[in-house]
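Peer 1: Structure file model_35.tsv (TSV, C-alpha atoms and all ligand atoms) is given on the next line.
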chain	number	residue	atom	x	y	z
L	8	MET	CA	39.35	-53.00	-57.22
L	9	ASP	CA	41.59	-54.18	-54.40
L	10	TYR	CA	39.77	-57.10	-52.77
L	11	ARG	CA	40.23	-57.60	-49.02
L	12	ASN	CA	37.20	-59.68	-48.09
L	13	ILE	CA	36.90	-62.00	-51.06
L	14	ILE	CA	39.27	-64.09	-53.17
L	15	VAL	CA	38.69	-63.89	-56.90
L	16	GLU	CA	39.97	-66.61	-59.26
L	17	THR	CA	39.15	-68.10	-62.62
L	18	ARG	CA	38.76	-71.84	-63.27
L	19	ASP	CA	38.63	-72.47	-67.01
L	20	ARG	CA	35.69	-70.34	-68.17
L	21	VAL	CA	34.25	-69.90	-64.69
L	22	GLY	CA	34.75	-66.88	-62.45
L	23	LEU	CA	35.06	-68.02	-58.83
L	24	ILE	CA	34.37	-65.64	-55.94
L	25	ARG	CA	35.15	-66.89	-52.41
L	26	PHE	CA	34.20	-65.07	-49.23
L	27	ASN	CA	37.19	-64.60	-46.99
L	28	ARG	CA	35.99	-63.62	-43.49
L	29	PRO	CA	36.28	-67.07	-41.90
L	30	GLN	CA	36.53	-65.76	-38.30
L	31	GLN	CA	33.12	-64.09	-38.70
L	32	LEU	CA	31.63	-67.06	-40.57
L	33	ASN	CA	31.68	-64.86	-43.69
L	34	ALA	CA	29.11	-62.45	-42.21
L	35	LEU	CA	28.13	-60.07	-44.99
L	36	ASN	CA	29.19	-56.55	-44.04
L	37	GLY	CA	29.05	-53.57	-46.40
L	38	ALA	CA	32.62	-54.07	-47.63
L	39	ILE	CA	32.23	-57.74	-48.56
L	40	MET	CA	29.00	-57.01	-50.46
L	41	GLU	CA	30.61	-54.10	-52.37
L	42	GLU	CA	33.48	-56.38	-53.38
L	43	LEU	CA	31.19	-59.27	-54.31
L	44	VAL	CA	29.04	-57.10	-56.55
L	45	ALA	CA	32.09	-55.47	-58.20
L	46	ALA	CA	33.71	-58.87	-58.88
L	47	ALA	CA	30.48	-60.33	-60.30
L	48	GLU	CA	30.03	-57.31	-62.58
L	49	ASP	CA	33.65	-57.62	-63.80
L	50	PHE	CA	33.12	-61.29	-64.64
L	51	ASP	CA	29.84	-60.40	-66.34
L	52	LYS	CA	31.73	-58.05	-68.68
L	53	SER	CA	34.55	-60.50	-69.50
L	54	ASP	CA	34.34	-62.58	-72.70
L	55	ALA	CA	36.67	-65.16	-71.13
L	56	ILE	CA	34.05	-66.01	-68.51
L	57	GLY	CA	30.84	-67.94	-69.17
L	58	ALA	CA	29.46	-68.45	-65.65
L	59	ILE	CA	30.15	-67.42	-62.05
L	60	VAL	CA	30.41	-69.44	-58.82
L	61	ILE	CA	30.07	-67.79	-55.41
L	62	THR	CA	31.22	-69.74	-52.37
L	63	GLY	CA	32.36	-69.44	-48.76
L	64	ASP	CA	34.30	-72.13	-46.96
L	65	GLU	CA	33.41	-75.54	-45.55
L	66	ARG	CA	32.16	-74.17	-42.23
L	67	ALA	CA	30.05	-71.34	-43.61
L	68	PHE	CA	28.78	-70.03	-46.89
L	69	ALA	CA	27.74	-66.95	-44.91
L	70	ALA	CA	26.08	-66.64	-41.47
L	71	GLY	CA	24.03	-63.61	-42.48
L	72	ALA	CA	24.29	-59.87	-42.64
L	73	ASP	CA	26.87	-58.55	-40.17
L	74	ILE	CA	24.89	-58.10	-36.95
L	75	LYS	CA	27.66	-56.05	-35.29
L	76	GLU	CA	27.54	-53.55	-38.14
L	77	MET	CA	23.81	-52.85	-37.81
L	78	ALA	CA	22.96	-53.57	-34.15
L	79	GLU	CA	22.87	-49.88	-33.16
L	80	ALA	CA	21.33	-48.47	-36.34
L	81	SER	CA	18.00	-46.62	-36.29
L	82	ALA	CA	15.25	-47.25	-38.83
L	83	VAL	CA	15.98	-43.91	-40.46
L	84	GLU	CA	19.68	-44.76	-40.76
L	85	MET	CA	18.88	-48.17	-42.25
L	86	LEU	CA	16.41	-46.67	-44.72
L	87	THR	CA	18.70	-43.80	-45.71
L	88	ALA	CA	21.81	-45.95	-46.16
L	89	ASP	CA	19.64	-48.55	-47.97
L	90	ARG	CA	22.55	-51.00	-48.13
L	91	ILE	CA	20.35	-53.74	-49.51
L	92	SER	CA	19.82	-51.77	-52.73
L	93	LEU	CA	23.36	-52.84	-53.65
L	94	TRP	CA	21.95	-56.35	-54.05
L	95	ASP	CA	19.78	-55.12	-56.94
L	96	ARG	CA	22.96	-54.96	-59.03
L	97	LEU	CA	23.47	-58.71	-58.60
L	98	ARG	CA	20.02	-59.29	-60.08
L	99	LYS	CA	21.22	-57.46	-63.19
L	100	VAL	CA	24.22	-59.76	-63.79
L	101	ARG	CA	23.44	-61.57	-67.04
L	102	LYS	CA	25.70	-64.58	-66.68
L	103	VAL	CA	24.56	-67.58	-64.68
L	104	ILE	CA	25.56	-67.44	-61.01
L	105	ILE	CA	25.80	-70.64	-58.97
L	106	ALA	CA	26.08	-70.62	-55.18
L	107	ALA	CA	28.29	-73.43	-53.82
L	108	VAL	CA	27.09	-73.76	-50.23
L	109	SER	CA	28.63	-75.60	-47.29
L	110	GLY	CA	27.92	-75.21	-43.58
L	111	PHE	CA	25.94	-72.22	-42.33
L	112	CYS	CA	23.86	-70.51	-44.97
L	113	LEU	CA	21.79	-68.20	-42.82
L	114	GLY	CA	19.94	-64.89	-42.99
L	115	GLY	CA	21.52	-62.71	-45.66
L	116	GLY	CA	23.70	-65.70	-46.61
L	117	CYS	CA	20.64	-67.78	-47.46
L	118	GLU	CA	19.10	-64.79	-49.23
L	119	LEU	CA	22.25	-64.40	-51.28
L	120	ALA	CA	22.31	-68.09	-52.22
L	121	MET	CA	18.66	-67.85	-53.25
L	122	ALA	CA	19.39	-64.74	-55.31
L	123	CYS	CA	21.80	-66.88	-57.37
L	124	ASP	CA	20.43	-68.92	-60.28
L	125	MET	CA	21.29	-72.33	-58.85
L	126	ILE	CA	22.52	-73.76	-55.57
L	127	VAL	CA	24.90	-76.72	-55.15
L	128	ALA	CA	25.04	-77.76	-51.50
L	129	SER	CA	27.45	-79.85	-49.50
L	130	GLU	CA	25.96	-82.50	-47.22
L	131	SER	CA	26.77	-80.23	-44.25
L	132	ALA	CA	24.82	-77.21	-45.54
L	133	LYS	CA	22.26	-75.65	-43.19
L	134	PHE	CA	19.82	-73.16	-44.67
L	135	GLY	CA	17.89	-70.79	-42.44
L	136	GLN	CA	16.40	-67.34	-41.85
L	137	PRO	CA	17.00	-66.90	-38.11
L	138	GLU	CA	16.36	-63.12	-38.13
L	139	ILE	CA	13.29	-63.72	-35.90
L	140	ASN	CA	15.74	-64.52	-33.06
L	141	LEU	CA	17.13	-60.99	-33.44
L	142	GLY	CA	13.74	-59.28	-33.35
L	143	VAL	CA	13.65	-58.59	-37.10
L	144	ILE	CA	12.70	-60.36	-40.34
L	145	PRO	CA	14.74	-61.17	-43.46
L	146	GLY	CA	15.40	-58.00	-45.45
L	147	ALA	CA	17.11	-59.12	-48.65
L	148	GLY	CA	14.54	-61.34	-50.28
L	149	GLY	CA	14.22	-64.21	-47.77
L	150	THR	CA	10.47	-64.02	-47.26
L	151	GLN	CA	9.92	-63.79	-51.02
L	152	ARG	CA	12.37	-66.18	-52.65
L	153	LEU	CA	12.12	-68.84	-49.97
L	154	THR	CA	8.32	-68.91	-50.17
L	155	ARG	CA	8.43	-69.22	-53.94
L	156	ALA	CA	11.04	-71.99	-53.73
L	157	VAL	CA	9.72	-74.19	-50.92
L	158	GLY	CA	6.07	-73.09	-50.53
L	159	LYS	CA	4.19	-71.38	-47.72
L	160	ALA	CA	4.18	-74.11	-45.06
L	161	ILE	CA	7.93	-74.60	-44.84
L	162	ALA	CA	8.68	-70.91	-45.41
L	163	MET	CA	6.47	-69.94	-42.44
L	164	GLU	CA	8.41	-72.29	-40.15
L	165	VAL	CA	11.77	-71.09	-41.40
L	166	VAL	CA	10.88	-67.38	-41.12
L	167	LEU	CA	8.76	-67.49	-37.95
L	168	ASN	CA	10.38	-70.29	-36.03
L	169	GLY	CA	13.99	-70.09	-37.16
L	170	ARG	CA	13.90	-73.67	-38.47
L	171	PHE	CA	17.07	-74.72	-40.27
L	172	LEU	CA	16.80	-76.91	-43.37
L	173	SER	CA	19.41	-79.61	-43.90
L	174	ALA	CA	20.94	-80.06	-47.35
L	175	GLU	CA	18.78	-83.11	-47.91
L	176	GLU	CA	15.62	-81.16	-46.95
L	177	ALA	CA	16.66	-78.21	-49.11
L	178	TYR	CA	17.03	-80.60	-52.05
L	179	ARG	CA	13.70	-82.31	-51.35
L	180	PHE	CA	11.87	-78.97	-51.03
L	181	GLY	CA	13.33	-77.65	-54.29
L	182	LEU	CA	15.67	-75.04	-52.80
L	183	CYS	CA	18.88	-76.50	-54.18
L	184	ASN	CA	19.88	-78.30	-57.36
L	185	ARG	CA	22.23	-80.96	-56.03
L	186	VAL	CA	23.86	-82.18	-52.84
L	187	ALA	CA	27.43	-83.46	-52.85
L	188	PRO	CA	29.85	-84.69	-50.17
L	189	VAL	CA	31.76	-81.88	-48.46
L	190	GLU	CA	34.97	-82.67	-50.37
L	191	GLN	CA	33.14	-82.47	-53.69
L	192	TYR	CA	30.51	-79.70	-53.58
L	193	LEU	CA	32.77	-76.97	-54.94
L	194	GLY	CA	34.09	-79.22	-57.73
L	195	GLU	CA	30.51	-80.15	-58.57
L	196	ALA	CA	29.46	-76.48	-58.73
L	197	LEU	CA	32.46	-75.63	-60.93
L	198	ARG	CA	31.69	-78.57	-63.24
L	199	LEU	CA	28.08	-77.45	-63.60
L	200	ALA	CA	29.19	-73.86	-64.21
L	201	ASN	CA	31.74	-74.97	-66.85
L	202	GLU	CA	29.09	-77.03	-68.63
L	203	ILE	CA	26.85	-73.96	-68.82
L	204	ALA	CA	29.81	-71.79	-69.85
L	205	ALA	CA	30.40	-74.08	-72.84
L	206	ARG	CA	26.89	-73.53	-74.20
L	207	ALA	CA	25.65	-70.85	-76.60
L	208	PRO	CA	26.10	-67.65	-74.56
L	209	LEU	CA	23.07	-65.78	-75.85
L	210	ALA	CA	20.77	-68.78	-75.43
L	211	VAL	CA	22.03	-69.19	-71.85
L	212	ARG	CA	21.49	-65.52	-71.16
L	213	PHE	CA	17.92	-65.51	-72.47
L	214	GLY	CA	17.17	-68.86	-70.82
L	215	LYS	CA	18.24	-67.46	-67.45
L	216	GLU	CA	16.22	-64.32	-68.01
L	217	ALA	CA	13.11	-66.26	-69.01
L	218	VAL	CA	13.20	-68.64	-66.03
L	219	ASN	CA	13.80	-65.72	-63.69
L	220	ASN	CA	10.85	-63.89	-65.22
L	221	ALA	CA	8.61	-66.84	-64.44
L	222	PHE	CA	9.96	-66.95	-60.90
L	223	GLU	CA	10.07	-63.22	-60.29
L	224	ASN	CA	6.63	-62.00	-61.32
L	225	PHE	CA	5.58	-59.57	-58.60
L	226	LEU	CA	8.94	-60.17	-56.90
L	227	ALA	CA	9.84	-56.47	-57.07
L	228	ASP	CA	6.76	-55.45	-55.03
L	229	GLY	CA	7.41	-58.20	-52.49
L	230	LEU	CA	11.06	-57.22	-52.13
L	231	ALA	CA	10.17	-53.56	-51.60
L	232	ASP	CA	7.58	-54.40	-48.89
L	233	GLU	CA	9.97	-56.76	-47.15
L	234	ARG	CA	12.81	-54.24	-47.21
L	235	ARG	CA	10.62	-51.47	-45.74
L	236	ALA	CA	9.45	-53.79	-42.94
L	237	PHE	CA	13.05	-54.84	-42.22
L	238	TYR	CA	14.22	-51.20	-41.96
L	239	PHE	CA	11.15	-50.23	-39.90
L	240	LEU	CA	11.96	-52.91	-37.29
L	241	PHE	CA	15.13	-50.96	-36.46
L	242	SER	CA	12.84	-48.46	-34.71
L	243	THR	CA	11.81	-51.14	-32.17
L	244	ASP	CA	13.34	-51.91	-28.76
L	245	ASP	CA	13.17	-55.60	-29.64
L	246	GLN	CA	15.62	-55.22	-32.54
L	247	LYS	CA	18.09	-53.40	-30.27
L	248	GLU	CA	17.67	-56.06	-27.59
L	249	GLY	CA	17.82	-58.98	-30.07
L	250	MET	CA	21.04	-57.88	-31.73
L	251	LYS	CA	22.68	-56.80	-28.47
L	252	ALA	CA	21.81	-60.17	-26.93
L	253	PHE	CA	23.47	-61.96	-29.88
L	254	ILE	CA	26.64	-59.89	-29.42
L	255	ASP	CA	26.59	-60.40	-25.61
L	256	LYS	CA	25.98	-64.14	-26.14
L	257	ARG	CA	22.80	-64.26	-24.02
L	258	LYS	CA	19.08	-64.87	-24.53
L	259	PRO	CA	17.05	-61.79	-25.56
L	260	GLU	CA	14.14	-60.48	-23.46
L	261	TRP	CA	11.34	-59.37	-25.77
L	262	LYS	CA	9.13	-56.39	-24.86
L	263	GLY	CA	6.86	-56.20	-27.89
L	264	ARG	CA	7.74	-52.57	-28.64
E	301	LIG	N1	27.17	-61.14	-37.92
E	301	LIG	C1	28.28	-60.82	-37.25
E	301	LIG	N2	29.07	-61.74	-36.67
E	301	LIG	C2	28.72	-63.03	-36.77
E	301	LIG	C3	27.56	-63.43	-37.45
E	301	LIG	C4	26.77	-62.41	-38.05
E	301	LIG	N3	25.66	-62.69	-38.75
E	301	LIG	N4	27.45	-64.77	-37.37
E	301	LIG	C5	28.52	-65.20	-36.67
E	301	LIG	N5	29.29	-64.15	-36.30
E	301	LIG	C6	30.53	-64.17	-35.53
E	301	LIG	C7	30.25	-64.44	-34.06
E	301	LIG	O1	29.88	-63.24	-33.39
E	301	LIG	C8	31.58	-64.99	-33.61
E	301	LIG	O2	32.45	-63.90	-33.45
E	301	LIG	P1	33.41	-63.83	-32.11
E	301	LIG	O3	34.31	-65.02	-32.26
E	301	LIG	O4	34.09	-62.50	-32.29
E	301	LIG	O5	32.49	-63.92	-30.94
E	301	LIG	C9	32.07	-65.78	-34.85
E	301	LIG	O6	31.34	-65.27	-35.96
E	301	LIG	C10	31.81	-67.28	-34.74
E	301	LIG	O7	30.41	-67.45	-34.44
E	301	LIG	P2	29.90	-68.30	-33.16
E	301	LIG	O8	30.89	-68.28	-32.07
E	301	LIG	O9	28.51	-67.81	-32.86
E	301	LIG	O10	29.86	-69.77	-33.83
E	301	LIG	P3	28.90	-70.98	-33.44
E	301	LIG	O11	29.44	-72.15	-34.21
E	301	LIG	O12	28.74	-71.09	-31.96
E	301	LIG	O13	27.46	-70.57	-34.02
E	301	LIG	C11	25.95	-69.71	-35.71
E	301	LIG	C12	27.28	-70.43	-35.41
E	301	LIG	C13	24.77	-70.60	-35.25
E	301	LIG	C14	25.88	-69.48	-37.21
E	301	LIG	C15	25.88	-68.38	-34.92
E	301	LIG	O14	27.09	-67.66	-35.19
E	301	LIG	C16	24.75	-67.48	-35.30
E	301	LIG	O15	23.62	-67.70	-34.85
E	301	LIG	N6	25.00	-66.44	-36.14
E	301	LIG	C17	24.02	-65.47	-36.50
E	301	LIG	C18	23.08	-65.99	-37.56
E	301	LIG	C19	22.03	-64.95	-37.87
E	301	LIG	O16	21.24	-64.55	-37.03
E	301	LIG	N7	21.99	-64.47	-39.14
E	301	LIG	C20	21.05	-63.47	-39.58
E	301	LIG	C21	21.70	-62.12	-39.53
E	301	LIG	S1	20.57	-60.76	-39.85
E	301	LIG	C22	20.38	-60.74	-41.53
E	301	LIG	O17	20.97	-61.50	-42.25
E	301	LIG	C23	19.44	-59.65	-42.03
E	301	LIG	C24	19.07	-59.73	-43.46
E	301	LIG	O18	18.13	-60.41	-43.84
E	301	LIG	C25	19.74	-58.87	-44.45
Would it be possible to restate this file's structure as structure tokens?
Peer 2:
Amino acid sequence: MDYRNIIVETRDRVGLIRFNRPQQLNALNGAIMEELVAAAEDFDKSDAIGAIVITGDERAFAAGADIKEMAEASAVEMLTADRISLWDRLRKVRKVIIAAVSGFCLGGGCELAMACDMIVASESAKFGQPEINLGVIPGAGGTQRLTRAVGKAIAMEVVLNGRFLSAEEAYRFGLCNRVAPVEQYLGEALRLANEIAARAPLAVRFGKEAVNNAFENFLADGLADERRAFYFLFSTDDQKEGMKAFIDKRKPEWKGR
């Protein structure tokens, strides 16, 4: 595959995937997600690779799904295109995936980081699910994985009030594995990934699967409910207003319909 939105490299036995839409804060449009999933699946098949690191740049891991791409979509269009089903393929990758997160890690970006097996954050990382400001809710696992990771109280604030979590808070609440200075977070993630890549591959694979099973009981039902609610909200005036207001750089006016 010819990659235009990501940069794919190998570092020793680690496959490194970097988002490359810096002007849009690595907003996750359809093309970038297609490329990400294809690259992760390629690394998963390669015997030369033992683990995968996904990263953005210092300013943003990813600032969410691409609002400009979906602002005008109807609920039926969202449901029919079902773009988020592409993410299910990431869940099937057997090798360990580590998210190396710096700067904005919001909306779909936060959901993507949480869909990885571990998160290494830079001190500047900001985690959040600000979809509420757009008149919608997270649609790619945010309400489910965040709640399991940090518990109900914090998850409610993040999902309903758009609260951002600092790297230190994310570490304290159990959302991320380690926090490193900005100059070191990627190196730290690669080191961790290389350590895992040096271990017995089948034991690592089954270890990952087993921990995810403990974490993901009933996850499939929760993800399906969340996704339906997210698509449904595209039939509301508030979603149209919320996303248009973001694009126009003004405050939205909610109507409750
Ligand atoms: N989609 C599309 N474009 C985005 C974007 C997004 N999610 N986030 C940022 N951008 C674009 C901006 O529109 C801007 O583009 P222009 O220069 O063409 O205007 C560029 O990236 C830089 O962004 P800002 O000028 O806004 O940068 P800032 O430093 O002032 O603010 C920010 C940074 C707080 C992250 C702000 O960009 C922001 O609030 N972004 C949106 C975050 C968000 O709501 N994410 C959730 C998306 S919905 C979702 O993810 C659904 C899901 O669950 C699947």
Peer 1: If you take all atoms listed in the file and a cut-off of 6 Å, which residues of chain L touch ligand LIG 301 (chain E), and what are their nearest atom pairs and distances in Å to one decimal, in chain and number order, as JSON lines?
Peer 2:
{"residue": "L:Gln30", "atom": "CA", "partner": "E:LIG301", "partner_atom": "C9", "distance": 5.6}
{"residue": "L:Gln31", "atom": "CA", "partner": "E:LIG301", "partner_atom": "O6", "distance": 3.5}
{"residue": "L:Leu32", "atom": "CA", "partner": "E:LIG301", "partner_atom": "O6", "distance": 5.0}
{"residue": "L:Ala34", "atom": "CA", "partner": "E:LIG301", "partner_atom": "C4", "distance": 4.8}
{"residue": "L:Ala70", "atom": "CA", "partner": "E:LIG301", "partner_atom": "N4", "distance": 4.7}
{"residue": "L:Gly71", "atom": "CA", "partner": "E:LIG301", "partner_atom": "O17", "distance": 3.7}
{"residue": "L:Ala72", "atom": "CA", "partner": "E:LIG301", "partner_atom": "O17", "distance": 3.7}
{"residue": "L:Asp73", "atom": "CA", "partner": "E:LIG301", "partner_atom": "N1", "distance": 3.4}
{"residue": "L:Ile74", "atom": "CA", "partner": "E:LIG301", "partner_atom": "N1", "distance": 3.9}
{"residue": "L:Lys75", "atom": "CA", "partner": "E:LIG301", "partner_atom": "C1", "distance": 5.2}
{"residue": "L:Phe111", "atom": "CA", "partner": "E:LIG301", "partner_atom": "C14", "distance": 5.8}
{"residue": "L:Leu113", "atom": "CA", "partner": "E:LIG301", "partner_atom": "N7", "distance": 5.2}
{"residue": "L:Gly114", "atom": "CA", "partner": "E:LIG301", "partner_atom": "O17", "distance": 3.6}
{"residue": "L:Gly115", "atom": "CA", "partner": "E:LIG301", "partner_atom": "O17", "distance": 3.7}
{"residue": "L:Pro137", "atom": "CA", "partner": "E:LIG301", "partner_atom": "O16", "distance": 5.0}
{"residue": "L:Glu138", "atom": "CA", "partner": "E:LIG301", "partner_atom": "C20", "distance": 4.9}
{"residue": "L:Pro145", "atom": "CA", "partner": "E:LIG301", "partner_atom": "O18", "distance": 3.5}
{"residue": "L:Gly146", "atom": "CA", "partner": "E:LIG301", "partner_atom": "O18", "distance": 4.0}
{"residue": "L:Ala147", "atom": "CA", "partner": "E:LIG301", "partner_atom": "C25", "distance": 5.0}
Peer 1: At a cut-off of 9 Å, can you tabulate as CSV every residue of range 182-226 of chain L near range 50-60 of chain L together with its closest atom pair and the distance in Å to one decimal, using all atoms listed in the file and ordering rows by chain then number?
Peer 2:
residue,atom,partner,partner_atom,distance
L:Leu193,CA,L:Val60,CA,8.8
L:Ala196,CA,L:Val60,CA,7.1
L:Leu197,CA,L:Val60,CA,6.9
L:Ala200,CA,L:Ala58,CA,5.6
L:Asn201,CA,L:Ala58,CA,7.0
L:Ile203,CA,L:Ala58,CA,6.9
L:Ala204,CA,L:Gly57,CA,4.0
L:Ala205,CA,L:Gly57,CA,7.2
L:Arg206,CA,L:Gly57,CA,8.5
L:Pro208,CA,L:Gly57,CA,7.2
Peer 1: What is the distance, in Å and to one decimal place, between CA of Ile254 in chain L and CA of Ala78 in chain L?
Peer 2: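 Computing the Euclidean distance for CA of Ile254 in chain L and CA of Ala78 in chain L yields 8.7 Å.
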Peer 1: Rounded to one decimal place, report the CA of Val127 in chain L-CA of Phe237 in chain L distance in Å.
Peer 2: 28.0 Å
Peer 1: What is the CA of Leu93 in chain L-CA of Ala45 in chain L distance in Å, reported with one decimal?
Peer 2: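 Separation of CA of Leu93 in chain L and CA of Ala45 in chain L: 10.2 Å.
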Peer 1: I want to know what sits within 7 Å of range 118-121 of chain L, based on only C-alpha atoms, with residues of the same chain fewer than 2 positions away left out; could you give that as JSON, numbers by chain?
Peer 2: {"L": [106, 114, 115, 116, 123, 126, 147, 148, 149, 152]}
Peer 1: I need the residue nearest Gly158 in chain L from this list: L:Leu182, L:Met85, L:Ala221, L:Ile144. Use all atoms listed in the file for the distance.
Peer 2: L:Leu182
